[in-house]
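Asks: The structure that follows is given in the form of structure tokens.
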Amino acid sequence: MSRRLWVVVLMVLAAVGLACQDGSNTAPGGFCVINADNPHLSSTDLHKGKLTIIGKGWFKCTKSPREINIFVEVQRKTVGVWSMVAQERGRFTNPPAGKKSPETVAALPCREGRFRTRARASGIDDVGNRVEQAEWSLSAEVVNPCKRKTQGGTSMDNELWRELVNRLSNEATRRGGTAIEDIDMLTLQPPQDSGETVRTTLYHDESGTDLTVIVTTGFAYQLAASLNDPDDVDYVGMTVVAILDGRATEVVEIAKDGTWLNVVSTVETPDGGARQSTQVAPAFHLAGAPVDHEHVRRIDPWPRLADAETFPEA
């Protein structure tokens with residue numbers, strides 16, 4: 001086998017490969033990133049008067065596979081055991097390389113409890129090899145996702161988050177892109193044939209007083225920042241603008257067999273600062289594994305207008 005398709009699992013933005021059925025250990029010629037989004041209250045159904053929990057799965061590939069089948073489940077934890085409560089399957093033929101796939105959505109009526117989304121894929125890669133993902137991509141665990149919208153004092157009512165959403169939405173629109181807001185999540189989609197999708201997700205502790213924003217883009221890029229005072233809004237906004245301007249890179253440390261070991265996310269902000277974050281491989285048996293080579297990839301920039309906002313001013 002000359003090459004194979006690898007799937008990168010974004011549990012903690014680390015990598016797990018698709019295993020070829022013939023058991024070979026060839027370095028990857030292409031790979032797909034499988035994402036499992038946090039389960040949340042469907043804003044679309046909410047507008048229709050329905051309360052629905054949804055979990056979304058989607059993928060992005062470096063090369064166009066001949067076929068991808070993605071399996072998405074929403075699970076609920078009962079007495080410490082996860083069990084499937086909703087599932088959906090999506091089948092895609094020749095999905096374009098470098099583009100986010102349509103989302104495959106598993107849904108169920110609202111109920112209380114602890115939920116997570118998981119997703120994995122199988123299919124045929126770009127040279128005809130049948131491949132299958134060995135491990136599931138897992139979202140974070142979410143407690144009572146429906147109540148996060150309906151109860152007072154939640155993140156949807158948080159003034160800092162609302163200010164950040166408005167700023168980033170305006171920035172995306174000014175550059176010819178679109179902003180899609182969901183529960184605790186803002187997705188910036190670039191104009192056609194330019195830039196990469198940037199997602200900003202809000203997390204908070206049980207009290208709702210300690211807020212954290214995680215910015216993700218590319219194939220394995222992730223940065224986290226606090227959102228607890230007005231200066232944090234400026235900092236997160238400045239970081240996202242730097243990513244849109246093409247000042248961010250993802251560096252992957254790769255073992256000899258092609259396994260991703262660590263992912264280093266970097267960004268240079270307009271104020272002359274720099275930020276770096278490292279996500280390590282989730283499998284304990286990879287701890288200390290020697291790095292054979294690195295792959296450095298710049299996040300593709302969005303169009304930058306002459307009057308584009310770059311807040312805050314240095």
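Letters A, B, ... mark the chains of the structure tokens in the order given; residue numbers begin at 1 per chain; ligand numbers begin at 1, in order shown.
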Near Ser122 (chain A), within 7 Å and counting only C-alpha atoms, which residues show up once chain neighbours fewer than 4 positions away are dropped, as a short mmCIF file (atom, residue, chain, number, x, y, z; two decimals) with N, CA and C atoms, in the first residue's frame?
Replies:
data_model
loop_
_atom_site.label_atom_id
_atom_site.label_comp_id
_atom_site.auth_asym_id
_atom_site.auth_seq_id
_atom_site.Cartn_x
_atom_site.Cartn_y
_atom_site.Cartn_z
N ILE A 68 -16.68 8.73 2.48
CA ILE A 68 -16.58 8.80 3.94
C ILE A 68 -17.96 8.51 4.53
N ASN A 69 -18.01 7.59 5.49
CA ASN A 69 -19.19 7.35 6.28
C ASN A 69 -18.90 7.79 7.71
N ILE A 70 -19.69 8.73 8.23
CA ILE A 70 -19.47 9.23 9.58
C ILE A 70 -20.64 8.80 10.46
N VAL A 131 -10.53 2.10 4.73
CA VAL A 131 -9.97 2.51 6.01
C VAL A 131 -11.07 2.63 7.05
N GLU A 132 -10.67 2.51 8.32
CA GLU A 132 -11.64 2.58 9.41
C GLU A 132 -10.99 3.19 10.63
N GLN A 133 -11.69 4.07 11.30
CA GLN A 133 -11.18 4.72 12.50
C GLN A 133 -11.33 3.79 13.68
#
Asks: Give me the residues near region 184-192 of chain A as an MDAnalysis selection string, where near means some atom within 7 Å (using only C-alpha atoms) and where sequence neighbours in that chain fewer than 2 positions away do not count.
Replies: chainID A and resid 155:156 165 172 176:182 194:202 302
Asks: Going by DSSP on the backbone, which bits of region 56-85 of chain A are strand (DSSP E or B)? Write them as a PyMOL selection string, please.
Replies: chain A and resi 56-61+67-78+81-85
Asks: Give me, please, the distance in Å between CA of Pro270 (chain A) and CA of Gly98 (chain A), quoted to one decimal.
Replies: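 One can read the CA of Pro270 (chain A) to CA of Gly98 (chain A) distance as 26.9 Å.
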Asks: Interatomic distance between CA of Asp193 (chain A) and CA of Phe92 (chain A)?
Replies: 20.6 Å
Asks: As an exercise, work out the distance from CA of Met238 (chain A) to CA of Ser101 (chain A) in Å and give it to one decimal place.
Replies: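 These two atoms are separated by 27.8 Å.
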Asks: Which residues are close to Glu141 (chain A), i.e. within 10 Å by only C-alpha atoms, leaving aside same-chain residues fewer than 6 positions away? Reply as a VMD selection string.
Replies: chain A and resid 38 to 39 75 to 77 114 to 117
Asks: So, counting only C-alpha atoms, which residue among A:Ala224, A:Ala107, A:Ala255, A:Val240 is closest to Thr52 (chain A)?
Replies: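 The shortest atom-to-atom distance to Thr52 (chain A) comes from A:Ala107.
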Asks: Within 7 Å of Val264 (chain A), counting only C-alpha atoms, which residues show up once you throw out same-chain ones fewer than 3 positions away? Write them as a list in words, please.
Replies: Glu250, Val251, Val252, Gln276, Ser277, Thr278 and Gln279 of chain A
Asks: Any idea what's packed within 10 Å of Arg118 (chain A), counting only C-alpha atoms, ignoring anything in its chain fewer than 4 positions away? Could you give it as number ranges by chain?
Replies: A: 11, 34-39, 55-57, 71-75, 84, 87, 135-140
Asks: Taking 5 positions as the minimum chain separation for residues in the same chain, which residues sit within 10 Å of Glu159 (chain A) when counting only C-alpha atoms? Answer as a list in words.
Replies: Leu164, Val165, Asp229 and Pro230 of chain A
Asks: Would you mind exporting N, CA and C atoms of the selected residues as a short mmCIF file (atom, residue, chain, number, x, y, z; two decimals), in the first residue's frame?
Replies:
data_model
loop_
_atom_site.label_atom_id
_atom_site.label_comp_id
_atom_site.auth_asym_id
_atom_site.auth_seq_id
_atom_site.Cartn_x
_atom_site.Cartn_y
_atom_site.Cartn_z
N LEU A 164 -18.11 39.95 22.75
CA LEU A 164 -17.16 39.24 21.89
C LEU A 164 -17.84 38.71 20.64
N VAL A 165 -19.02 38.12 20.79
CA VAL A 165 -19.76 37.60 19.64
C VAL A 165 -20.05 38.72 18.64
N ASP A 229 -13.23 39.51 32.29
CA ASP A 229 -13.28 40.97 32.42
C ASP A 229 -13.15 41.59 31.02
N PRO A 230 -13.43 42.89 30.88
CA PRO A 230 -13.41 43.52 29.56
C PRO A 230 -12.09 43.39 28.82
#
Asks: Could you go through region 183-239 of chain A and tell me which residues DSSP, when run on the backbone, assigns to helix (DSSP H, G or I), listing them as a PyMOL selection string?
Replies: chain A and resi 230-239
Asks: Those selected residues, please, written with N, CA and C atoms and delivered as a PDB file, in the first residue's frame.
Replies:
ATOM      1  N   PRO A 230     -13.430  42.887  30.884  1.00  0.00           N
ATOM      2  CA  PRO A 230     -13.412  43.517  29.558  1.00  0.00           C
ATOM      3  C   PRO A 230     -12.087  43.391  28.821  1.00  0.00           C
ATOM      4  N   ASP A 231     -10.965  43.372  29.539  1.00  0.00           N
ATOM      5  CA  ASP A 231      -9.674  43.210  28.872  1.00  0.00           C
ATOM      6  C   ASP A 231      -9.578  41.856  28.172  1.00  0.00           C
ATOM      7  N   ASP A 232     -10.244  40.844  28.735  1.00  0.00           N
ATOM      8  CA  ASP A 232     -10.225  39.520  28.119  1.00  0.00           C
ATOM      9  C   ASP A 232     -10.945  39.539  26.773  1.00  0.00           C
ATOM     10  N   VAL A 233     -12.002  40.337  26.666  1.00  0.00           N
ATOM     11  CA  VAL A 233     -12.698  40.460  25.389  1.00  0.00           C
ATOM     12  C   VAL A 233     -11.749  41.007  24.328  1.00  0.00           C
ATOM     13  N   ASP A 234     -10.990  42.033  24.691  1.00  0.00           N
ATOM     14  CA  ASP A 234     -10.019  42.609  23.761  1.00  0.00           C
ATOM     15  C   ASP A 234      -8.959  41.587  23.365  1.00  0.00           C
ATOM     16  N   TYR A 235      -8.486  40.827  24.356  1.00  0.00           N
ATOM     17  CA  TYR A 235      -7.406  39.866  24.084  1.00  0.00           C
ATOM     18  C   TYR A 235      -7.880  38.750  23.153  1.00  0.00           C
ATOM     19  N   VAL A 236      -9.046  38.176  23.456  1.00  0.00           N
ATOM     20  CA  VAL A 236      -9.562  37.100  22.601  1.00  0.00           C
ATOM     21  C   VAL A 236      -9.847  37.634  21.206  1.00  0.00           C
ATOM     22  N   GLY A 237     -10.453  38.821  21.129  1.00  0.00           N
ATOM     23  CA  GLY A 237     -10.726  39.409  19.828  1.00  0.00           C
ATOM     24  C   GLY A 237      -9.461  39.647  19.025  1.00  0.00           C
ATOM     25  N   MET A 238      -8.432  40.183  19.680  1.00  0.00           N
ATOM     26  CA  MET A 238      -7.158  40.426  19.011  1.00  0.00           C
ATOM     27  C   MET A 238      -6.538  39.119  18.520  1.00  0.00           C
ATOM     28  N   THR A 239      -6.670  38.051  19.307  1.00  0.00           N
ATOM     29  CA  THR A 239      -6.128  36.753  18.916  1.00  0.00           C
ATOM     30  C   THR A 239      -6.832  36.207  17.685  1.00  0.00           C
TER      31      THR A 239
END
Asks: With a distance cut-off of 12 Å and only C-alpha atoms, select the neighbouring residues of Val241 (chain A), excluding the residue or stretch itself and same-chain residues fewer than 4 positions from it, and output the selection as an mmCIF file with N, CA and C atoms, in the first residue's frame.
Replies:
data_model
loop_
_atom_site.group_PDB
_atom_site.id
_atom_site.type_symbol
_atom_site.label_atom_id
_atom_site.label_comp_id
_atom_site.auth_asym_id
_atom_site.auth_seq_id
_atom_site.Cartn_x
_atom_site.Cartn_y
_atom_site.Cartn_z
ATOM 1 N N LEU A 164 -18.111 39.950 22.747
ATOM 2 C CA LEU A 164 -17.159 39.236 21.894
ATOM 3 C C LEU A 164 -17.843 38.710 20.643
ATOM 4 N N ARG A 167 -18.417 41.583 18.204
ATOM 5 C CA ARG A 167 -17.179 42.057 17.566
ATOM 6 C C ARG A 167 -16.719 41.089 16.475
ATOM 7 N N LEU A 168 -16.673 39.812 16.825
ATOM 8 C CA LEU A 168 -16.171 38.834 15.861
ATOM 9 C C LEU A 168 -17.124 38.665 14.689
ATOM 10 N N SER A 169 -18.424 38.756 14.944
ATOM 11 C CA SER A 169 -19.393 38.669 13.854
ATOM 12 C C SER A 169 -19.205 39.829 12.881
ATOM 13 N N ASN A 170 -19.000 41.022 13.410
ATOM 14 C CA ASN A 170 -18.762 42.185 12.554
ATOM 15 C C ASN A 170 -17.473 42.035 11.762
ATOM 16 N N GLU A 171 -16.442 41.514 12.416
ATOM 17 C CA GLU A 171 -15.166 41.325 11.724
ATOM 18 C C GLU A 171 -15.307 40.349 10.564
ATOM 19 N N ALA A 172 -16.034 39.254 10.786
ATOM 20 C CA ALA A 172 -16.246 38.267 9.723
ATOM 21 C C ALA A 172 -17.017 38.884 8.561
ATOM 22 N N ARG A 174 -17.226 42.067 7.675
ATOM 23 C CA ARG A 174 -16.398 43.065 6.991
ATOM 24 C C ARG A 174 -15.429 42.422 6.016
ATOM 25 N N ARG A 175 -15.031 41.207 6.316
ATOM 26 C CA ARG A 175 -14.071 40.507 5.444
ATOM 27 C C ARG A 175 -14.765 39.634 4.399
ATOM 28 N N LEU A 188 -17.102 31.274 12.566
ATOM 29 C CA LEU A 188 -16.808 32.246 11.517
ATOM 30 C C LEU A 188 -16.429 31.487 10.252
ATOM 31 N N VAL A 198 -13.090 29.451 11.638
ATOM 32 C CA VAL A 198 -12.607 29.677 12.997
ATOM 33 C C VAL A 198 -13.798 29.557 13.947
ATOM 34 N N VAL A 215 -10.554 28.713 21.163
ATOM 35 C CA VAL A 215 -10.560 29.049 19.743
ATOM 36 C C VAL A 215 -9.933 27.891 18.975
ATOM 37 N N ASP A 234 -10.990 42.033 24.691
ATOM 38 C CA ASP A 234 -10.019 42.609 23.761
ATOM 39 C C ASP A 234 -8.959 41.587 23.365
ATOM 40 N N TYR A 235 -8.486 40.827 24.356
ATOM 41 C CA TYR A 235 -7.406 39.866 24.084
ATOM 42 C C TYR A 235 -7.880 38.750 23.153
ATOM 43 N N VAL A 236 -9.046 38.176 23.456
ATOM 44 C CA VAL A 236 -9.562 37.100 22.601
ATOM 45 C C VAL A 236 -9.847 37.634 21.206
ATOM 46 N N GLY A 237 -10.453 38.821 21.129
ATOM 47 C CA GLY A 237 -10.726 39.409 19.828
ATOM 48 C C GLY A 237 -9.461 39.647 19.025
ATOM 49 N N ASP A 245 -5.761 37.097 10.022
ATOM 50 C CA ASP A 245 -4.730 37.775 9.241
ATOM 51 C C ASP A 245 -3.615 36.843 8.782
ATOM 52 N N GLY A 246 -3.680 35.575 9.162
ATOM 53 C CA GLY A 246 -2.651 34.622 8.736
ATOM 54 C C GLY A 246 -1.424 34.590 9.618
ATOM 55 N N ARG A 247 -1.544 35.008 10.884
ATOM 56 C CA ARG A 247 -0.408 35.038 11.797
ATOM 57 C C ARG A 247 -0.349 33.821 12.715
ATOM 58 N N ALA A 248 -1.079 32.773 12.380
ATOM 59 C CA ALA A 248 -1.133 31.576 13.226
ATOM 60 C C ALA A 248 -0.596 30.367 12.472
ATOM 61 N N VAL A 267 0.500 31.855 17.669
ATOM 62 C CA VAL A 267 -0.077 33.030 17.034
ATOM 63 C C VAL A 267 0.737 34.241 17.447
ATOM 64 N N GLU A 268 0.940 35.157 16.496
ATOM 65 C CA GLU A 268 1.592 36.437 16.758
ATOM 66 C C GLU A 268 0.521 37.515 16.688
ATOM 67 N N THR A 269 0.305 38.208 17.800
ATOM 68 C CA THR A 269 -0.774 39.189 17.884
ATOM 69 C C THR A 269 -0.308 40.567 17.416
ATOM 70 N N PRO A 270 -1.243 41.434 17.000
ATOM 71 C CA PRO A 270 -0.865 42.750 16.460
ATOM 72 C C PRO A 270 -0.132 43.644 17.437
ATOM 73 N N ASP A 271 -0.229 43.362 18.740
ATOM 74 C CA ASP A 271 0.464 44.209 19.715
ATOM 75 C C ASP A 271 1.916 43.809 19.899
ATOM 76 N N PRO A 301 -5.013 32.714 5.671
ATOM 77 C CA PRO A 301 -5.625 33.986 6.084
ATOM 78 C C PRO A 301 -6.918 34.283 5.340
ATOM 79 N N TRP A 302 -7.755 35.077 5.978
ATOM 80 C CA TRP A 302 -8.936 35.632 5.347
ATOM 81 C C TRP A 302 -8.534 36.894 4.572
ATOM 82 N N PRO A 303 -9.387 37.367 3.667
ATOM 83 C CA PRO A 303 -9.124 38.667 3.028
ATOM 84 C C PRO A 303 -9.079 39.755 4.097
ATOM 85 N N ARG A 304 -8.179 40.697 3.931
ATOM 86 C CA ARG A 304 -8.066 41.789 4.898
ATOM 87 C C ARG A 304 -8.299 43.105 4.180
ATOM 88 N N ALA A 308 -10.019 47.146 7.703
ATOM 89 C CA ALA A 308 -10.414 46.045 8.581
ATOM 90 C C ALA A 308 -10.022 46.345 10.008
ATOM 91 N N GLU A 309 -10.876 45.924 10.927
ATOM 92 C CA GLU A 309 -10.655 46.197 12.347
ATOM 93 C C GLU A 309 -9.598 45.255 12.902
ATOM 94 N N THR A 310 -8.671 45.789 13.667
ATOM 95 C CA THR A 310 -7.681 44.973 14.351
ATOM 96 C C THR A 310 -7.644 45.403 15.809
ATOM 97 N N PHE A 311 -8.707 45.070 16.563
ATOM 98 C CA PHE A 311 -8.828 45.538 17.943
ATOM 99 C C PHE A 311 -8.063 44.619 18.859
ATOM 100 N N PRO A 312 -7.617 45.083 20.027
ATOM 101 C CA PRO A 312 -7.567 46.498 20.347
ATOM 102 C C PRO A 312 -6.329 47.115 19.722
ATOM 103 N N GLU A 313 -6.259 48.409 19.658
ATOM 104 C CA GLU A 313 -5.053 49.059 19.131
ATOM 105 C C GLU A 313 -3.898 48.839 20.083
#
